[in-house]
$ cat final18.cif   # mmCIF, C-alpha atoms; chains and numbers go by the auth columns
data_upload
loop_
_atom_site.group_PDB
_atom_site.id
_atom_site.type_symbol
_atom_site.label_atom_id
_atom_site.label_comp_id
_atom_site.label_asym_id
_atom_site.label_seq_id
_atom_site.Cartn_x
_atom_site.Cartn_y
_atom_site.Cartn_z
_atom_site.B_iso_or_equiv
_atom_site.auth_seq_id
_atom_site.auth_asym_id
ATOM 1 C CA ALA A 1 0.000 0.000 0.000 0.00 1 O
ATOM 2 C CA SER A 2 2.830 2.408 0.832 0.00 2 O
ATOM 3 C CA ILE A 3 4.470 1.712 -2.518 0.00 3 O
ATOM 4 C CA CYS A 4 1.145 2.189 -4.338 0.00 4 O
ATOM 5 C CA LYS A 5 0.768 5.530 -2.605 0.00 5 O
ATOM 6 C CA GLU A 6 4.309 6.513 -3.527 0.00 6 O
ATOM 7 C CA LEU A 7 3.618 5.645 -7.175 0.00 7 O
ATOM 8 C CA GLY A 8 0.222 7.366 -7.201 0.00 8 O
ATOM 9 C CA LEU A 9 -1.569 4.089 -7.888 0.00 9 O
ATOM 10 C CA PRO A 10 -4.847 2.828 -6.450 0.00 10 O
ATOM 11 C CA LEU A 11 -4.766 -0.232 -4.222 0.00 11 O
ATOM 12 C CA ARG A 12 -5.799 -3.231 -6.302 0.00 12 O
ATOM 13 C CA PHE A 13 -6.416 -6.689 -4.948 0.00 13 O
ATOM 14 C CA PRO A 14 -3.746 -8.786 -6.704 0.00 14 O
ATOM 15 C CA GLY A 15 -5.095 -12.273 -6.075 0.00 15 O
ATOM 16 C CA LYS A 16 -6.629 -14.964 -8.207 0.00 16 O
ATOM 17 C CA PRO A 17 -10.013 -14.325 -9.780 0.00 17 O
ATOM 18 C CA GLY A 18 -12.576 -15.497 -7.270 0.00 18 O
ATOM 19 C CA ALA A 19 -10.361 -14.970 -4.211 0.00 19 O
ATOM 20 C CA TYR A 20 -11.704 -11.448 -3.612 0.00 20 O
ATOM 21 C CA ASP A 21 -15.137 -12.666 -2.506 0.00 21 O
ATOM 22 C CA LYS A 22 -14.365 -15.857 -0.598 0.00 22 O
ATOM 23 C CA LEU A 23 -14.776 -16.210 3.156 0.00 23 O
ATOM 24 C CA LEU A 24 -11.493 -16.282 5.056 0.00 24 O
ATOM 25 C CA GLU A 25 -10.125 -16.200 8.545 0.00 25 O
ATOM 26 C CA MET A 26 -6.837 -15.060 9.995 0.00 26 O
ATOM 27 C CA THR A 27 -4.895 -15.799 13.134 0.00 27 O
ATOM 28 C CA ASP A 28 -3.246 -12.933 14.960 0.00 28 O
ATOM 29 C CA ALA A 29 0.301 -13.808 16.095 0.00 29 O
ATOM 30 C CA GLY A 30 -0.358 -12.512 19.616 0.00 30 O
ATOM 31 C CA LEU A 31 -3.517 -14.574 19.858 0.00 31 O
ATOM 32 C CA LEU A 32 -1.644 -17.661 18.681 0.00 32 O
ATOM 33 C CA ALA A 33 1.038 -17.031 21.310 0.00 33 O
ATOM 34 C CA LYS A 34 -1.605 -16.796 24.056 0.00 34 O
ATOM 35 C CA ALA A 35 -3.261 -19.976 22.810 0.00 35 O
ATOM 36 C CA THR A 36 0.082 -21.764 22.773 0.00 36 O
ATOM 37 C CA VAL A 37 0.759 -20.854 26.400 0.00 37 O
ATOM 38 C CA TRP A 38 -2.795 -21.821 27.337 0.00 38 O
ATOM 39 C CA ALA A 39 -2.563 -25.206 25.598 0.00 39 O
ATOM 40 C CA ALA A 40 0.849 -25.905 27.145 0.00 40 O
ATOM 41 C CA THR A 41 -0.235 -25.070 30.688 0.00 41 O
ATOM 42 C CA ASP A 42 -3.839 -26.291 30.930 0.00 42 O
ATOM 43 C CA ILE A 43 -3.926 -29.972 31.879 0.00 43 O
ATOM 44 C CA ARG A 44 -7.140 -30.463 29.895 0.00 44 O
ATOM 45 C CA CYS A 45 -5.184 -29.723 26.721 0.00 45 O
ATOM 46 C CA ALA A 46 -2.690 -32.558 27.075 0.00 46 O
ATOM 47 C CA ASN A 47 -2.390 -34.549 23.858 0.00 47 O
ATOM 48 C CA GLN A 48 -4.942 -32.351 22.080 0.00 48 O
ATOM 49 C CA ALA A 49 -4.719 -30.406 18.834 0.00 49 O
ATOM 50 C CA PHE A 50 -6.541 -27.106 18.344 0.00 50 O
ATOM 51 C CA ASN A 51 -7.340 -24.762 15.478 0.00 51 O
ATOM 52 C CA ILE A 52 -6.669 -21.221 16.621 0.00 52 O
ATOM 53 C CA ASN A 53 -8.172 -18.351 14.683 0.00 53 O
ATOM 54 C CA ASN A 54 -9.306 -14.812 15.370 0.00 54 O
ATOM 55 C CA GLY A 55 -12.932 -15.878 15.690 0.00 55 O
ATOM 56 C CA ASP A 56 -14.437 -13.937 12.801 0.00 56 O
ATOM 57 C CA LEU A 57 -14.647 -14.350 9.045 0.00 57 O
ATOM 58 C CA PHE A 58 -14.091 -11.747 6.370 0.00 58 O
ATOM 59 C CA ARG A 59 -13.906 -11.248 2.613 0.00 59 O
ATOM 60 C CA TRP A 60 -11.119 -9.328 0.922 0.00 60 O
ATOM 61 C CA SER A 61 -13.853 -7.476 -0.994 0.00 61 O
ATOM 62 C CA GLU A 62 -14.935 -5.960 2.331 0.00 62 O
ATOM 63 C CA MET A 63 -11.479 -5.614 3.921 0.00 63 O
ATOM 64 C CA TRP A 64 -9.593 -4.221 0.918 0.00 64 O
ATOM 65 C CA PRO A 65 -11.409 -0.853 0.837 0.00 65 O
ATOM 66 C CA LYS A 66 -10.803 -0.483 4.593 0.00 66 O
ATOM 67 C CA ILE A 67 -7.099 -1.105 4.113 0.00 67 O
ATOM 68 C CA ALA A 68 -7.078 1.399 1.238 0.00 68 O
ATOM 69 C CA ARG A 69 -8.804 4.012 3.439 0.00 69 O
ATOM 70 C CA TYR A 70 -6.214 3.474 6.168 0.00 70 O
ATOM 71 C CA PHE A 71 -3.476 4.363 3.690 0.00 71 O
ATOM 72 C CA ASP A 72 -5.568 7.164 2.143 0.00 72 O
ATOM 73 C CA LEU A 73 -5.724 5.342 -1.180 0.00 73 O
ATOM 74 C CA GLU A 74 -8.402 4.816 -3.761 0.00 74 O
ATOM 75 C CA THR A 75 -9.239 1.268 -4.762 0.00 75 O
ATOM 76 C CA ALA A 76 -9.533 -0.092 -8.268 0.00 76 O
ATOM 77 C CA PRO A 77 -10.991 -3.382 -9.467 0.00 77 O
ATOM 78 C CA PRO A 78 -8.936 -6.478 -8.673 0.00 78 O
ATOM 79 C CA LEU A 79 -6.096 -7.178 -11.076 0.00 79 O
ATOM 80 C CA PRO A 80 -4.498 -10.613 -10.771 0.00 80 O
ATOM 81 C CA MET A 81 -0.714 -10.321 -10.643 0.00 81 O
ATOM 82 C CA GLN A 82 2.217 -12.146 -9.116 0.00 82 O
ATOM 83 C CA LEU A 83 3.551 -9.791 -6.483 0.00 83 O
ATOM 84 C CA ASP A 84 6.873 -11.601 -6.287 0.00 84 O
ATOM 85 C CA VAL A 85 7.352 -10.614 -9.942 0.00 85 O
ATOM 86 C CA VAL A 86 5.679 -7.171 -10.002 0.00 86 O
ATOM 87 C CA MET A 87 7.434 -6.014 -6.815 0.00 87 O
ATOM 88 C CA ALA A 88 10.846 -7.489 -7.624 0.00 88 O
ATOM 89 C CA ASP A 89 12.218 -4.217 -9.028 0.00 89 O
ATOM 90 C CA LYS A 90 11.022 -1.903 -6.224 0.00 90 O
ATOM 91 C CA ALA A 91 14.071 -2.051 -3.906 0.00 91 O
ATOM 92 C CA GLY A 92 15.426 1.277 -5.178 0.00 92 O
ATOM 93 C CA LEU A 93 12.053 2.931 -4.697 0.00 93 O
ATOM 94 C CA TRP A 94 11.879 1.495 -1.175 0.00 94 O
ATOM 95 C CA ASP A 95 15.333 2.832 -0.342 0.00 95 O
ATOM 96 C CA SER A 96 14.374 6.318 -1.506 0.00 96 O
ATOM 97 C CA MET A 97 11.106 6.131 0.446 0.00 97 O
ATOM 98 C CA THR A 98 12.914 5.231 3.665 0.00 98 O
ATOM 99 C CA GLY A 99 15.145 8.275 3.337 0.00 99 O
ATOM 100 C CA ARG A 100 12.426 10.705 2.277 0.00 100 O
ATOM 101 C CA HIS A 101 10.016 9.613 5.017 0.00 101 O
ATOM 102 C CA GLY A 102 12.622 9.213 7.755 0.00 102 O
ATOM 103 C CA LEU A 103 11.956 5.512 8.133 0.00 103 O
ATOM 104 C CA GLU A 104 14.158 3.003 9.884 0.00 104 O
ATOM 105 C CA ARG A 105 16.496 1.323 7.427 0.00 105 O
ATOM 106 C CA HIS A 106 15.155 -2.127 6.650 0.00 106 O
ATOM 107 C CA ALA A 107 16.274 -4.053 3.610 0.00 107 O
ATOM 108 C CA TYR A 108 13.511 -4.289 1.041 0.00 108 O
ATOM 109 C CA LYS A 109 13.725 -8.080 1.061 0.00 109 O
ATOM 110 C CA ASP A 110 12.965 -8.005 4.814 0.00 110 O
ATOM 111 C CA VAL A 111 9.818 -5.839 4.770 0.00 111 O
ATOM 112 C CA SER A 112 7.567 -8.219 2.885 0.00 112 O
ATOM 113 C CA SER A 113 7.357 -11.758 1.658 0.00 113 O
ATOM 114 C CA TRP A 114 5.785 -11.276 -1.750 0.00 114 O
ATOM 115 C CA GLY A 115 5.651 -15.022 -2.395 0.00 115 O
ATOM 116 C CA PHE A 116 3.689 -15.522 0.815 0.00 116 O
ATOM 117 C CA ALA A 117 1.358 -12.675 -0.144 0.00 117 O
ATOM 118 C CA ASP A 118 0.791 -14.375 -3.501 0.00 118 O
ATOM 119 C CA PHE A 119 -0.085 -17.564 -1.604 0.00 119 O
ATOM 120 C CA VAL A 120 -2.548 -15.832 0.747 0.00 120 O
ATOM 121 C CA PHE A 121 -4.231 -13.871 -2.044 0.00 121 O
ATOM 122 C CA SER A 122 -4.655 -17.014 -4.149 0.00 122 O
ATOM 123 C CA TRP A 123 -7.242 -18.768 -1.980 0.00 123 O
ATOM 124 C CA ASP A 124 -10.191 -18.795 -4.363 0.00 124 O
ATOM 125 C CA TYR A 125 -12.276 -20.964 -2.047 0.00 125 O
ATOM 126 C CA ASP A 126 -13.738 -20.427 1.411 0.00 126 O
ATOM 127 C CA LEU A 127 -10.998 -21.042 3.960 0.00 127 O
ATOM 128 C CA PHE A 128 -11.671 -21.397 7.633 0.00 128 O
ATOM 129 C CA ALA A 129 -11.049 -23.900 10.372 0.00 129 O
ATOM 130 C CA ASP A 130 -13.369 -24.725 13.234 0.00 130 O
ATOM 131 C CA GLY A 131 -11.922 -23.114 16.354 0.00 131 O
ATOM 132 C CA SER A 132 -14.784 -24.183 18.613 0.00 132 O
ATOM 133 C CA LYS A 133 -12.812 -27.039 20.201 0.00 133 O
ATOM 134 C CA ALA A 134 -10.463 -24.514 21.811 0.00 134 O
ATOM 135 C CA ARG A 135 -13.484 -22.615 23.144 0.00 135 O
ATOM 136 C CA ARG A 136 -14.989 -25.822 24.517 0.00 136 O
ATOM 137 C CA PHE A 137 -11.700 -26.472 26.302 0.00 137 O
ATOM 138 C CA GLY A 138 -11.666 -22.969 27.804 0.00 138 O
ATOM 139 C CA PHE A 139 -9.786 -20.665 25.415 0.00 139 O
ATOM 140 C CA HIS A 140 -12.084 -17.709 24.757 0.00 140 O
ATOM 141 C CA GLU A 141 -9.714 -15.043 23.431 0.00 141 O
ATOM 142 C CA TYR A 142 -10.855 -13.234 20.298 0.00 142 O
ATOM 143 C CA VAL A 143 -9.304 -10.744 17.898 0.00 143 O
ATOM 144 C CA GLU A 144 -11.353 -8.753 15.415 0.00 144 O
ATOM 145 C CA THR A 145 -9.544 -9.154 12.102 0.00 145 O
ATOM 146 C CA GLU A 146 -10.112 -5.592 10.891 0.00 146 O
ATOM 147 C CA THR A 147 -8.716 -4.277 14.172 0.00 147 O
ATOM 148 C CA MET A 148 -5.784 -6.684 13.850 0.00 148 O
ATOM 149 C CA PHE A 149 -4.849 -5.280 10.444 0.00 149 O
ATOM 150 C CA MET A 150 -5.153 -1.650 11.581 0.00 150 O
ATOM 151 C CA ASP A 151 -3.116 -2.387 14.728 0.00 151 O
ATOM 152 C CA ILE A 152 -0.391 -3.993 12.602 0.00 152 O
ATOM 153 C CA PHE A 153 -0.296 -0.951 10.317 0.00 153 O
ATOM 154 C CA ASP A 154 -0.251 1.402 13.338 0.00 154 O
ATOM 155 C CA ASP A 155 2.638 -0.570 14.815 0.00 155 O
ATOM 156 C CA LEU A 156 4.579 -0.473 11.544 0.00 156 O
ATOM 157 C CA ARG A 157 4.113 3.288 11.423 0.00 157 O
ATOM 158 C CA ARG A 158 5.026 3.738 15.087 0.00 158 O
ATOM 159 C CA ARG A 159 8.240 1.762 14.507 0.00 159 O
ATOM 160 C CA LYS A 160 8.904 3.792 11.331 0.00 160 O
ATOM 161 C CA VAL A 161 8.842 0.777 9.045 0.00 161 O
ATOM 162 C CA ILE A 162 6.229 2.334 6.750 0.00 162 O
ATOM 163 C CA PRO A 163 5.299 5.993 6.205 0.00 163 O
#

$ encode --input "final18.cif" --output "structure tokens"
Amino acid sequence: ASICKELGLPLRFPGKPGAYDKLLEMTDAGLLAKATVWAATDIRCANQAFNINNGDLFRWSEMWPKIARYFDLETAPPLPMQLDVVMADKAGLWDSMTGRHGLERHAYKDVSSWGFADFVFSWDYDLFADGSKARRFGFHEYVETETMFMDIFDDLRRRKVIP
């Protein structure tokens, strides 16, 4: 999103056709850490496996405009593209952005995993796991996915990773 803004481009969903409207879930890293401690320390969890997820479902078609608004960007219709290819030549732009915006120096290769993004944006089927077993066993933590994304972006700005 920061690179789109720098280039004066709208934020386009880059995933596979069909992925924009499918139901998905995410797992916040902090929530997963709490669940890991809970599962390791609650005797009822011995020898059990759990799906841990935020507890809500979303569609990129609903989340994408919210992400665009956060970065003060317009959206445009989805345009399938391989980010690991399209973003491969942006290291120089990133370096100039870090200087111009007073960001902490992070190597371009360390600020995003474009191949992983391509993987996540390619799910053109509903993708969610039943997390109710963890709730039945006593883990009731919840993270709203929209809030998770905005908190991540706020943290990246606070740490001067993105403008």

$ residues_near_point --input "final18.cif" --point "(8.0, -12.9, -4.5)" --cutoff "7 Å" --atoms "all atoms listed in the file" --output "list of chain:residue names"
O:Leu83, O:Asp84, O:Val85, O:Ala88, O:Ser113, O:Trp114, O:Gly115

$ write_last_selection --input "final18.cif" --atoms "C-alpha atoms" --output "PDB file, in the coordinates of the input"
ATOM      1  CA  LEU O  83       3.551  -9.791  -6.483  1.00  0.00           C
ATOM      2  CA  ASP O  84       6.873 -11.601  -6.287  1.00  0.00           C
ATOM      3  CA  VAL O  85       7.352 -10.614  -9.942  1.00  0.00           C
ATOM      4  CA  ALA O  88      10.846  -7.489  -7.624  1.00  0.00           C
ATOM      5  CA  SER O 113       7.357 -11.758   1.658  1.00  0.00           C
ATOM      6  CA  TRP O 114       5.785 -11.276  -1.750  1.00  0.00           C
ATOM      7  CA  GLY O 115       5.651 -15.022  -2.395  1.00  0.00           C
TER       8      GLY O 115
END

$ residues_around --input "final18.cif" --residues "range 42-52 of chain O" --least-positions-apart "2" --cutoff "10 Å" --atoms "all atoms listed in the file" --output "PyMOL selection string"
chain O and resi 26-28+31-33+35-40+54-55+128-135+137-139+141-142

$ resolve_selection --input "final18.cif" --expression "the PyMOL selection byres ((chain O and resi 148) around 12)" --output "list in words"
Glu25, Met26, Thr27, Asp28, Ala29, Gly30, Leu31, Asn53, Asn54, Gly55, Asp56, Met63, Ile67, Tyr142, Val143, Glu144, Thr145, Glu146, Thr147, Phe149, Met150, Asp151, Ile152, Phe153, Asp154 and Asp155 of chain O

$ write_last_selection --input "final18.cif" --atoms "C-alpha atoms" --output "PDB file, keeping the file's coordinate frame"
ATOM      1  CA  GLU O  25     -10.125 -16.200   8.545  1.00  0.00           C
ATOM      2  CA  MET O  26      -6.837 -15.060   9.995  1.00  0.00           C
ATOM      3  CA  THR O  27      -4.895 -15.799  13.134  1.00  0.00           C
ATOM      4  CA  ASP O  28      -3.246 -12.933  14.960  1.00  0.00           C
ATOM      5  CA  ALA O  29       0.301 -13.808  16.095  1.00  0.00           C
ATOM      6  CA  GLY O  30      -0.358 -12.512  19.616  1.00  0.00           C
ATOM      7  CA  LEU O  31      -3.517 -14.574  19.858  1.00  0.00           C
ATOM      8  CA  ASN O  53      -8.172 -18.351  14.683  1.00  0.00           C
ATOM      9  CA  ASN O  54      -9.306 -14.812  15.370  1.00  0.00           C
ATOM     10  CA  GLY O  55     -12.932 -15.878  15.690  1.00  0.00           C
ATOM     11  CA  ASP O  56     -14.437 -13.937  12.801  1.00  0.00           C
ATOM     12  CA  MET O  63     -11.479  -5.614   3.921  1.00  0.00           C
ATOM     13  CA  ILE O  67      -7.099  -1.105   4.113  1.00  0.00           C
ATOM     14  CA  TYR O 142     -10.855 -13.234  20.298  1.00  0.00           C
ATOM     15  CA  VAL O 143      -9.304 -10.744  17.898  1.00  0.00           C
ATOM     16  CA  GLU O 144     -11.353  -8.753  15.415  1.00  0.00           C
ATOM     17  CA  THR O 145      -9.544  -9.154  12.102  1.00  0.00           C
ATOM     18  CA  GLU O 146     -10.112  -5.592  10.891  1.00  0.00           C
ATOM     19  CA  THR O 147      -8.716  -4.277  14.172  1.00  0.00           C
ATOM     20  CA  PHE O 149      -4.849  -5.280  10.444  1.00  0.00           C
ATOM     21  CA  MET O 150      -5.153  -1.650  11.581  1.00  0.00           C
ATOM     22  CA  ASP O 151      -3.116  -2.387  14.728  1.00  0.00           C
ATOM     23  CA  ILE O 152      -0.391  -3.993  12.602  1.00  0.00           C
ATOM     24  CA  PHE O 153      -0.296  -0.951  10.317  1.00  0.00           C
ATOM     25  CA  ASP O 154      -0.251   1.402  13.338  1.00  0.00           C
ATOM     26  CA  ASP O 155       2.638  -0.570  14.815  1.00  0.00           C
TER      27      ASP O 155
END

$ atom_distance --input "final18.cif" --atom1 "CA of Ala117 in chain O" --atom2 "CA of Ala68 in chain O"
16.5 Å

$ residues_around --input "final18.cif" --residues "range 76-78 of chain O" --least-positions-apart "2" --cutoff "7 Å" --atoms "only C-alpha atoms" --output "PyMOL selection string"
chain O and resi 10-14+74+80

$ atom_distance --input "final18.cif" --atom1 "CA of Val120 in chain O" --atom2 "CA of Pro65 in chain O"
17.4 Å

$ closest_residue --input "final18.cif" --among "O:His101, O:Lys34, O:Lys109, O:Arg59" --to "Asp124 in chain O" --atoms "all atoms listed in the file"
O:Arg59

$ resolve_selection --input "final18.cif" --expression "the PyMOL selection byres ((chain O and resi 21) around 12)" --output "list of chain:residue names"
O:Phe13, O:Gly15, O:Lys16, O:Pro17, O:Gly18, O:Ala19, O:Tyr20, O:Lys22, O:Leu23, O:Leu24, O:Leu57, O:Phe58, O:Arg59, O:Trp60, O:Ser61, O:Glu62, O:Met63, O:Trp64, O:Pro78, O:Phe121, O:Ser122, O:Trp123, O:Asp124, O:Tyr125, O:Asp126, O:Leu127
